[in-house]
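Quick look at input_27.txt (compact mmCIF, N, CA and C atoms and all ligand atoms):
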# COMPACT_ATOMS: atom_id res chain seq x y z
N MET A 3 0.84 -1.20 0.00
CA MET A 3 0.00 0.00 0.00
C MET A 3 0.88 1.25 0.00
N THR A 4 0.54 2.19 -0.81
CA THR A 4 1.33 3.42 -0.85
C THR A 4 0.60 4.51 -0.08
N THR A 5 1.09 4.84 1.08
CA THR A 5 0.51 5.93 1.86
C THR A 5 1.14 7.23 1.36
N PRO A 6 0.47 8.34 1.63
CA PRO A 6 1.09 9.62 1.22
C PRO A 6 2.47 9.79 1.84
N MET A 7 2.63 9.28 3.08
CA MET A 7 3.92 9.44 3.78
C MET A 7 5.02 8.66 3.07
N SER A 8 4.74 7.41 2.69
CA SER A 8 5.79 6.61 2.07
C SER A 8 6.12 7.16 0.67
N ARG A 9 5.11 7.73 0.04
CA ARG A 9 5.37 8.32 -1.26
C ARG A 9 6.31 9.53 -1.10
N TRP A 10 6.04 10.28 -0.03
CA TRP A 10 6.85 11.45 0.26
C TRP A 10 8.31 11.03 0.53
N ARG A 11 8.47 9.94 1.31
CA ARG A 11 9.82 9.46 1.61
C ARG A 11 10.53 9.00 0.35
N LEU A 12 9.78 8.33 -0.49
CA LEU A 12 10.37 7.85 -1.74
C LEU A 12 10.85 9.05 -2.55
N GLY A 13 10.02 10.09 -2.56
CA GLY A 13 10.40 11.29 -3.31
C GLY A 13 11.68 11.90 -2.79
N ILE A 14 11.78 11.99 -1.47
CA ILE A 14 12.97 12.58 -0.85
C ILE A 14 14.21 11.75 -1.18
N SER A 15 14.10 10.43 -1.05
CA SER A 15 15.29 9.62 -1.29
C SER A 15 15.68 9.64 -2.76
N THR A 16 14.70 9.78 -3.65
CA THR A 16 15.04 9.87 -5.06
C THR A 16 15.80 11.17 -5.33
N VAL A 17 15.33 12.25 -4.72
CA VAL A 17 15.99 13.53 -4.91
C VAL A 17 17.41 13.48 -4.34
N LEU A 18 17.54 12.97 -3.11
CA LEU A 18 18.87 12.90 -2.49
C LEU A 18 19.78 11.96 -3.28
N GLY A 19 19.23 10.82 -3.68
CA GLY A 19 20.02 9.86 -4.45
C GLY A 19 20.51 10.47 -5.74
N GLY A 20 19.69 11.31 -6.34
CA GLY A 20 20.09 11.96 -7.59
C GLY A 20 21.17 12.99 -7.38
N LEU A 21 21.14 13.64 -6.21
CA LEU A 21 22.12 14.70 -5.95
C LEU A 21 23.45 14.14 -5.46
N LEU A 22 23.39 12.99 -4.79
CA LEU A 22 24.55 12.47 -4.12
C LEU A 22 25.83 12.42 -4.96
N PRO A 23 25.75 11.96 -6.21
CA PRO A 23 27.00 11.89 -6.96
C PRO A 23 27.69 13.25 -7.09
N TRP A 24 26.92 14.33 -6.97
CA TRP A 24 27.51 15.65 -7.19
C TRP A 24 28.05 16.26 -5.90
N VAL A 25 27.63 15.75 -4.76
CA VAL A 25 28.14 16.29 -3.51
C VAL A 25 29.12 15.33 -2.86
N VAL A 26 29.38 14.20 -3.53
CA VAL A 26 30.25 13.19 -2.94
C VAL A 26 31.65 13.78 -2.72
N GLN A 27 32.19 13.49 -1.56
CA GLN A 27 33.51 14.00 -1.22
C GLN A 27 34.56 13.01 -1.72
N ALA A 28 35.69 13.55 -2.13
CA ALA A 28 36.78 12.69 -2.57
C ALA A 28 37.43 12.08 -1.34
N ASP A 29 37.10 10.82 -1.08
CA ASP A 29 37.71 10.14 0.06
C ASP A 29 38.38 8.88 -0.46
N GLY A 30 39.05 9.05 -1.59
CA GLY A 30 39.59 7.90 -2.30
C GLY A 30 40.81 7.27 -1.66
N ASP A 31 41.14 6.12 -2.18
CA ASP A 31 42.27 5.32 -1.75
C ASP A 31 43.42 5.57 -2.74
N ALA A 32 44.42 6.30 -2.27
CA ALA A 32 45.50 6.72 -3.17
C ALA A 32 46.27 5.52 -3.72
N ALA A 33 46.43 4.48 -2.92
CA ALA A 33 47.18 3.31 -3.39
C ALA A 33 46.44 2.64 -4.54
N ALA A 34 45.11 2.54 -4.39
CA ALA A 34 44.30 1.97 -5.47
C ALA A 34 44.38 2.88 -6.70
N GLY A 35 44.35 4.17 -6.47
CA GLY A 35 44.44 5.13 -7.56
C GLY A 35 45.75 5.02 -8.32
N SER A 36 46.82 4.76 -7.60
CA SER A 36 48.13 4.69 -8.26
C SER A 36 48.18 3.51 -9.24
N ARG A 37 47.40 2.47 -8.94
CA ARG A 37 47.40 1.32 -9.86
C ARG A 37 46.64 1.63 -11.14
N LYS A 38 45.74 2.62 -11.10
CA LYS A 38 45.00 2.99 -12.31
C LYS A 38 45.65 4.17 -13.03
N ALA A 39 46.57 4.83 -12.35
CA ALA A 39 47.16 6.05 -12.91
C ALA A 39 47.93 5.77 -14.21
N ILE A 40 48.28 4.51 -14.42
CA ILE A 40 48.99 4.16 -15.65
C ILE A 40 48.17 4.56 -16.89
N TYR A 41 46.84 4.51 -16.76
CA TYR A 41 45.98 4.84 -17.90
C TYR A 41 46.01 6.33 -18.21
N CYS A 42 46.46 7.12 -17.27
CA CYS A 42 46.48 8.57 -17.43
C CYS A 42 47.89 9.06 -17.74
N SER A 43 48.87 8.19 -17.49
CA SER A 43 50.26 8.64 -17.50
C SER A 43 50.74 9.06 -18.88
N TYR A 44 50.17 8.47 -19.91
CA TYR A 44 50.62 8.82 -21.27
C TYR A 44 50.49 10.33 -21.50
N CYS A 45 49.44 10.92 -21.00
CA CYS A 45 49.24 12.36 -21.18
C CYS A 45 49.62 13.17 -19.94
N HIS A 46 49.17 12.73 -18.78
CA HIS A 46 49.36 13.54 -17.57
C HIS A 46 50.64 13.24 -16.81
N GLY A 47 51.41 12.23 -17.25
CA GLY A 47 52.61 11.84 -16.52
C GLY A 47 52.24 10.87 -15.40
N ALA A 48 53.14 9.96 -15.07
CA ALA A 48 52.84 8.92 -14.07
C ALA A 48 52.53 9.55 -12.71
N ASP A 49 53.12 10.69 -12.41
CA ASP A 49 52.89 11.34 -11.12
C ASP A 49 52.05 12.61 -11.28
N GLY A 50 51.39 12.74 -12.43
CA GLY A 50 50.50 13.88 -12.62
C GLY A 50 51.20 15.15 -13.09
N ASN A 51 52.50 15.01 -13.39
CA ASN A 51 53.24 16.15 -13.95
C ASN A 51 53.45 15.88 -15.44
N PRO A 52 52.68 16.56 -16.29
CA PRO A 52 52.70 16.25 -17.72
C PRO A 52 53.96 16.75 -18.40
N ALA A 53 54.34 16.05 -19.45
CA ALA A 53 55.51 16.47 -20.22
C ALA A 53 55.13 17.60 -21.18
N ALA A 54 53.91 17.59 -21.67
CA ALA A 54 53.49 18.59 -22.65
C ALA A 54 52.79 19.76 -21.96
N ALA A 55 53.03 20.94 -22.51
CA ALA A 55 52.52 22.16 -21.88
C ALA A 55 51.00 22.30 -22.01
N ASP A 56 50.41 21.64 -23.00
CA ASP A 56 48.97 21.81 -23.20
C ASP A 56 48.13 20.78 -22.43
N ILE A 57 48.77 20.01 -21.58
CA ILE A 57 48.03 19.04 -20.75
C ILE A 57 48.03 19.56 -19.31
N PRO A 58 46.87 19.60 -18.65
CA PRO A 58 46.85 20.13 -17.27
C PRO A 58 47.63 19.25 -16.29
N ARG A 59 48.24 19.93 -15.32
CA ARG A 59 48.95 19.25 -14.25
C ARG A 59 47.93 18.76 -13.22
N LEU A 60 47.97 17.48 -12.90
CA LEU A 60 47.06 16.94 -11.90
C LEU A 60 47.74 16.90 -10.53
N ALA A 61 49.06 16.78 -10.52
CA ALA A 61 49.81 16.66 -9.27
C ALA A 61 49.54 17.84 -8.36
N GLY A 62 49.23 17.54 -7.11
CA GLY A 62 49.08 18.58 -6.10
C GLY A 62 47.77 19.33 -6.13
N GLN A 63 46.90 19.04 -7.10
CA GLN A 63 45.59 19.70 -7.09
C GLN A 63 44.73 19.11 -5.97
N ASP A 64 43.83 19.92 -5.48
CA ASP A 64 42.91 19.47 -4.44
C ASP A 64 42.08 18.27 -4.94
N ALA A 65 41.97 17.24 -4.11
CA ALA A 65 41.29 16.00 -4.53
C ALA A 65 39.84 16.25 -4.92
N ASN A 66 39.15 17.10 -4.15
CA ASN A 66 37.74 17.39 -4.48
C ASN A 66 37.63 18.11 -5.81
N ALA A 67 38.58 19.00 -6.08
CA ALA A 67 38.57 19.73 -7.34
C ALA A 67 38.81 18.77 -8.50
N LEU A 68 39.76 17.85 -8.32
CA LEU A 68 40.04 16.88 -9.39
C LEU A 68 38.82 16.01 -9.67
N LEU A 69 38.20 15.56 -8.60
CA LEU A 69 37.02 14.71 -8.76
C LEU A 69 35.91 15.46 -9.49
N ALA A 70 35.70 16.71 -9.08
CA ALA A 70 34.65 17.51 -9.71
C ALA A 70 34.95 17.73 -11.19
N LYS A 71 36.23 17.94 -11.52
CA LYS A 71 36.58 18.17 -12.92
C LYS A 71 36.35 16.91 -13.75
N MET A 72 36.72 15.74 -13.19
CA MET A 72 36.48 14.50 -13.93
C MET A 72 35.00 14.32 -14.18
N LYS A 73 34.19 14.59 -13.16
CA LYS A 73 32.74 14.38 -13.28
C LYS A 73 32.10 15.35 -14.24
N ARG A 74 32.67 16.54 -14.34
CA ARG A 74 32.13 17.52 -15.24
C ARG A 74 32.59 17.21 -16.67
N GLN A 75 33.85 16.83 -16.79
CA GLN A 75 34.46 16.69 -18.09
C GLN A 75 34.00 15.44 -18.85
N LEU A 76 34.02 14.29 -18.16
CA LEU A 76 33.81 13.04 -18.87
C LEU A 76 32.45 12.90 -19.55
N PRO A 77 31.35 13.26 -18.86
CA PRO A 77 30.06 13.08 -19.54
C PRO A 77 29.91 13.97 -20.76
N ASN A 78 30.70 15.04 -20.81
CA ASN A 78 30.59 15.98 -21.92
C ASN A 78 31.59 15.68 -23.03
N GLN A 79 32.36 14.62 -22.83
CA GLN A 79 33.42 14.36 -23.78
C GLN A 79 32.98 13.34 -24.83
N ASP A 80 33.49 13.51 -26.00
CA ASP A 80 33.27 12.53 -27.07
C ASP A 80 33.83 11.18 -26.62
N ARG A 81 33.02 10.14 -26.76
CA ARG A 81 33.45 8.83 -26.30
C ARG A 81 34.63 8.27 -27.07
N ARG A 82 34.90 8.84 -28.22
CA ARG A 82 36.07 8.37 -28.98
C ARG A 82 37.33 9.10 -28.56
N HIS A 83 37.18 10.15 -27.72
CA HIS A 83 38.34 10.90 -27.28
C HIS A 83 39.28 9.99 -26.49
N PRO A 84 40.61 10.11 -26.75
CA PRO A 84 41.56 9.22 -26.06
C PRO A 84 41.47 9.29 -24.54
N MET A 85 41.12 10.47 -23.99
CA MET A 85 41.02 10.54 -22.54
C MET A 85 39.83 9.72 -22.04
N TYR A 86 38.72 9.82 -22.75
CA TYR A 86 37.55 9.04 -22.37
C TYR A 86 37.89 7.55 -22.47
N GLN A 87 38.57 7.19 -23.56
CA GLN A 87 38.93 5.79 -23.76
C GLN A 87 39.86 5.28 -22.66
N ALA A 88 40.73 6.17 -22.14
CA ALA A 88 41.62 5.77 -21.05
C ALA A 88 40.80 5.39 -19.82
N PHE A 89 39.74 6.13 -19.56
CA PHE A 89 38.87 5.81 -18.42
C PHE A 89 38.13 4.49 -18.65
N VAL A 90 37.71 4.25 -19.89
CA VAL A 90 37.01 3.00 -20.20
C VAL A 90 37.98 1.82 -20.06
N THR A 91 39.15 1.95 -20.66
CA THR A 91 40.14 0.87 -20.63
C THR A 91 40.55 0.54 -19.20
N GLY A 92 40.73 1.58 -18.39
CA GLY A 92 41.14 1.36 -17.01
C GLY A 92 39.98 1.04 -16.08
N ASP A 93 38.77 0.97 -16.64
CA ASP A 93 37.58 0.72 -15.84
C ASP A 93 37.48 1.76 -14.71
N CYS A 94 37.69 3.01 -15.07
CA CYS A 94 37.76 4.09 -14.08
C CYS A 94 36.58 5.05 -14.17
N LEU A 95 35.50 4.64 -14.83
CA LEU A 95 34.40 5.58 -15.03
C LEU A 95 33.48 5.71 -13.81
N ASN A 96 33.65 4.85 -12.81
CA ASN A 96 32.75 4.95 -11.67
C ASN A 96 33.31 5.88 -10.58
N ASP A 97 32.43 6.29 -9.67
CA ASP A 97 32.78 7.26 -8.63
C ASP A 97 33.95 6.80 -7.77
N ARG A 98 33.92 5.51 -7.42
CA ARG A 98 34.96 4.96 -6.55
C ARG A 98 36.35 5.13 -7.18
N GLU A 99 36.48 4.72 -8.44
CA GLU A 99 37.77 4.78 -9.12
C GLU A 99 38.21 6.23 -9.33
N MET A 100 37.25 7.10 -9.65
CA MET A 100 37.59 8.51 -9.84
C MET A 100 38.10 9.11 -8.53
N SER A 101 37.46 8.76 -7.41
CA SER A 101 37.93 9.27 -6.11
C SER A 101 39.33 8.76 -5.81
N ASN A 102 39.58 7.50 -6.15
CA ASN A 102 40.91 6.93 -5.90
C ASN A 102 41.96 7.68 -6.73
N LEU A 103 41.64 7.92 -7.98
CA LEU A 103 42.58 8.64 -8.85
C LEU A 103 42.81 10.06 -8.33
N ALA A 104 41.73 10.71 -7.90
CA ALA A 104 41.85 12.07 -7.36
C ALA A 104 42.75 12.06 -6.12
N ALA A 105 42.58 11.06 -5.26
CA ALA A 105 43.40 10.96 -4.04
C ALA A 105 44.87 10.76 -4.42
N TYR A 106 45.10 9.90 -5.39
CA TYR A 106 46.48 9.63 -5.79
C TYR A 106 47.15 10.90 -6.35
N PHE A 107 46.51 11.53 -7.33
CA PHE A 107 47.15 12.68 -7.99
C PHE A 107 47.28 13.88 -7.05
N SER A 108 46.31 14.07 -6.17
CA SER A 108 46.41 15.21 -5.25
C SER A 108 47.57 15.02 -4.28
N GLY A 109 47.95 13.77 -4.04
CA GLY A 109 49.05 13.50 -3.11
C GLY A 109 50.43 13.59 -3.75
N GLN A 110 50.49 13.80 -5.06
CA GLN A 110 51.78 13.91 -5.74
C GLN A 110 52.26 15.35 -5.69
N SER A 111 53.58 15.53 -5.64
CA SER A 111 54.02 16.92 -5.62
C SER A 111 54.25 17.43 -7.04
N ALA A 112 53.86 18.67 -7.23
CA ALA A 112 54.00 19.31 -8.53
C ALA A 112 55.47 19.67 -8.74
N THR A 113 56.00 19.28 -9.88
CA THR A 113 57.37 19.66 -10.21
C THR A 113 57.31 20.79 -11.22
N PRO A 114 58.22 21.75 -11.12
CA PRO A 114 58.15 22.90 -11.99
C PRO A 114 58.40 22.52 -13.47
C1 LIG A 201 45.00 11.26 -24.46
C2 LIG A 201 45.51 12.08 -23.40
C3 LIG A 201 44.87 12.01 -22.03
C4 LIG A 201 44.68 10.89 -21.26
C5 LIG A 201 45.08 9.46 -21.56
C6 LIG A 201 44.07 11.36 -20.03
N1 LIG A 201 43.87 12.71 -20.10
FE1 LIG A 201 43.04 13.88 -18.64
N2 LIG A 201 43.19 15.51 -19.87
C7 LIG A 201 43.77 15.52 -21.12
C8 LIG A 201 43.66 16.85 -21.68
C9 LIG A 201 44.17 17.28 -23.04
C10 LIG A 201 42.98 17.63 -20.71
C11 LIG A 201 42.57 19.09 -20.81
C12 LIG A 201 41.72 19.32 -21.99
C13 LIG A 201 40.32 19.60 -21.70
O1 LIG A 201 40.05 20.43 -20.84
O2 LIG A 201 39.47 18.97 -22.35
C14 LIG A 201 42.72 16.75 -19.58
C15 LIG A 201 42.09 17.15 -18.41
C16 LIG A 201 41.96 16.37 -17.28
C17 LIG A 201 41.46 16.83 -15.99
C18 LIG A 201 41.04 18.25 -15.66
C19 LIG A 201 42.29 18.92 -15.14
C20 LIG A 201 42.17 20.40 -14.95
O3 LIG A 201 42.87 20.91 -14.06
O4 LIG A 201 41.41 21.04 -15.68
C21 LIG A 201 41.49 15.77 -15.14
C22 LIG A 201 41.10 15.77 -13.67
C23 LIG A 201 41.99 14.64 -15.90
N3 LIG A 201 42.27 15.03 -17.17
C24 LIG A 201 42.16 13.38 -15.37
C25 LIG A 201 42.59 12.28 -16.11
C26 LIG A 201 42.68 10.95 -15.55
C27 LIG A 201 42.38 10.58 -14.10
C28 LIG A 201 43.10 10.14 -16.55
C29 LIG A 201 43.33 8.64 -16.51
C30 LIG A 201 42.18 7.81 -16.17
C31 LIG A 201 43.28 10.98 -17.75
N4 LIG A 201 42.95 12.27 -17.42
C32 LIG A 201 43.73 10.52 -18.97
C33 LIG A 201 44.36 14.45 -21.75
C34 LIG A 201 44.36 13.15 -21.29
Now, as a test, write the supplied structure out as structure tokens.
Amino acid sequence: MTTPMSRWRLGISTVLGGLLPWVVQADGDAAAGSRKAIYCSYCHGADGNPAAADIPRLAGQDANALLAKMKRQLPNQDRRHPMYQAFVTGDCLNDREMSNLAAYFSGQSATP
């Protein structure tokens, strides 16, 4: 039986559930992230310090900022783009893996 109250609760949890991915804090596991960082290293460098000037430096950036950028960038990216493909190949498209990667790169020191 659906009471007005249970319908209301369902509504609230749907709204919160929908918002959650966007307010999720980067509490990733840096060690796990380091094992996936190989998929990013071709462009961003193994420690997040890129060799090319036109690739953003990930090393030392705030983990929450990195996570937010991945979440903003990937859904808007062409699926054939090599960066998108790196996430697919590394099985890094989910929140958990992105948080781990963010934790790993934020813990690296930026080299000039
Ligand atoms: C084929 C090269 C390539 C690969 C591989 C790649 N990226 Fe990127 N990445 C880029 C480029 C180029 C940009 C900036 C261009 C843009 O804004 O679209 C970027 C931007 C980013 C940003 C935003 C940084 C900022 O400060 O704006 C993050 C975070 C990021 N990449 C994470 C990753 C992670 C994590 C991986 C590995 C799973 C990865 N990238 C693999 C090329 C790559």
Between CA of Arg74 in chain A and CA of Gln110 in chain A, what is the distance, to one decimal in Å? 22.1 Å
Need the shell around Pro77 in chain A: protein/DNA/RNA residues with any atom at most 12 Å away, counting only C-alpha atoms. Skip same-chain ones fewer than 4 positions apart. Format as a tab-separated table (two decimals) with N, CA and C atoms, in the coordinates of the input?
chain	number	residue	atom	x	y	z
A	70	ALA	N	35.70	16.71	-9.08
A	70	ALA	CA	34.65	17.51	-9.71
A	70	ALA	C	34.95	17.73	-11.19
A	71	LYS	N	36.23	17.94	-11.52
A	71	LYS	CA	36.58	18.17	-12.92
A	71	LYS	C	36.35	16.91	-13.75
A	72	MET	N	36.72	15.74	-13.19
A	72	MET	CA	36.48	14.50	-13.93
A	72	MET	C	35.00	14.32	-14.18
A	73	LYS	N	34.19	14.59	-13.16
A	73	LYS	CA	32.74	14.38	-13.28
A	73	LYS	C	32.10	15.35	-14.24
A	81	ARG	N	33.02	10.14	-26.76
A	81	ARG	CA	33.45	8.83	-26.30
A	81	ARG	C	34.63	8.27	-27.07
A	83	HIS	N	37.18	10.15	-27.72
A	83	HIS	CA	38.34	10.90	-27.28
A	83	HIS	C	39.28	9.99	-26.49
A	85	MET	N	41.12	10.47	-23.99
A	85	MET	CA	41.02	10.54	-22.54
A	85	MET	C	39.83	9.72	-22.04
A	86	TYR	N	38.72	9.82	-22.75
A	86	TYR	CA	37.55	9.04	-22.37
A	86	TYR	C	37.89	7.55	-22.47
A	89	PHE	N	39.74	6.13	-19.56
A	89	PHE	CA	38.87	5.81	-18.42
A	89	PHE	C	38.13	4.49	-18.65
A	95	LEU	N	35.50	4.64	-14.83
A	95	LEU	CA	34.40	5.58	-15.03
A	95	LEU	C	33.48	5.71	-13.81
A	96	ASN	N	33.65	4.85	-12.81
A	96	ASN	CA	32.75	4.95	-11.67
A	96	ASN	C	33.31	5.88	-10.58
Distance limit 9 Å, reference ligand LIG 201 (chain A), atoms considered: only C-alpha atoms and all ligand atoms. Which residues make the cut? Give them as a VMD selection string. chain A and resid 35 38 to 46 50 56 to 60 63 67 to 76 79 83 to 95 99 to 100 103 to 104 107
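For the atom pair formed by CA of Thr113 in chain A and atom N of Ser36 in chain A, the distance is 18.4 Å, given to one decimal.
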From (45.1, 6.9, -2.8), in the file's coordinates, out to 6 Å: which residues are reached, counting only N, CA and C atoms? Answer as a count of residues only. 10
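As for atom N of Gly109 in chain A and atom N of Asn78 in chain A, they are spaced 24.1 Å apart.
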Return as JSON the centre and edge lengths, in Å with one decimal, of the box along x, y and z that encloses every atom of range 31-39 of chain A in the file, padded by 3 Å per side.
{"center_x": 44.7, "center_y": 4.0, "center_z": -8.0, "size_x": 13.0, "size_y": 11.4, "size_z": 18.5}
Taking (41.3, 14.5, -1.3) in the file's coordinates as the center, which residues reach within 7 Å of it, counting all atoms listed in the file, put as a count of residues only? 10
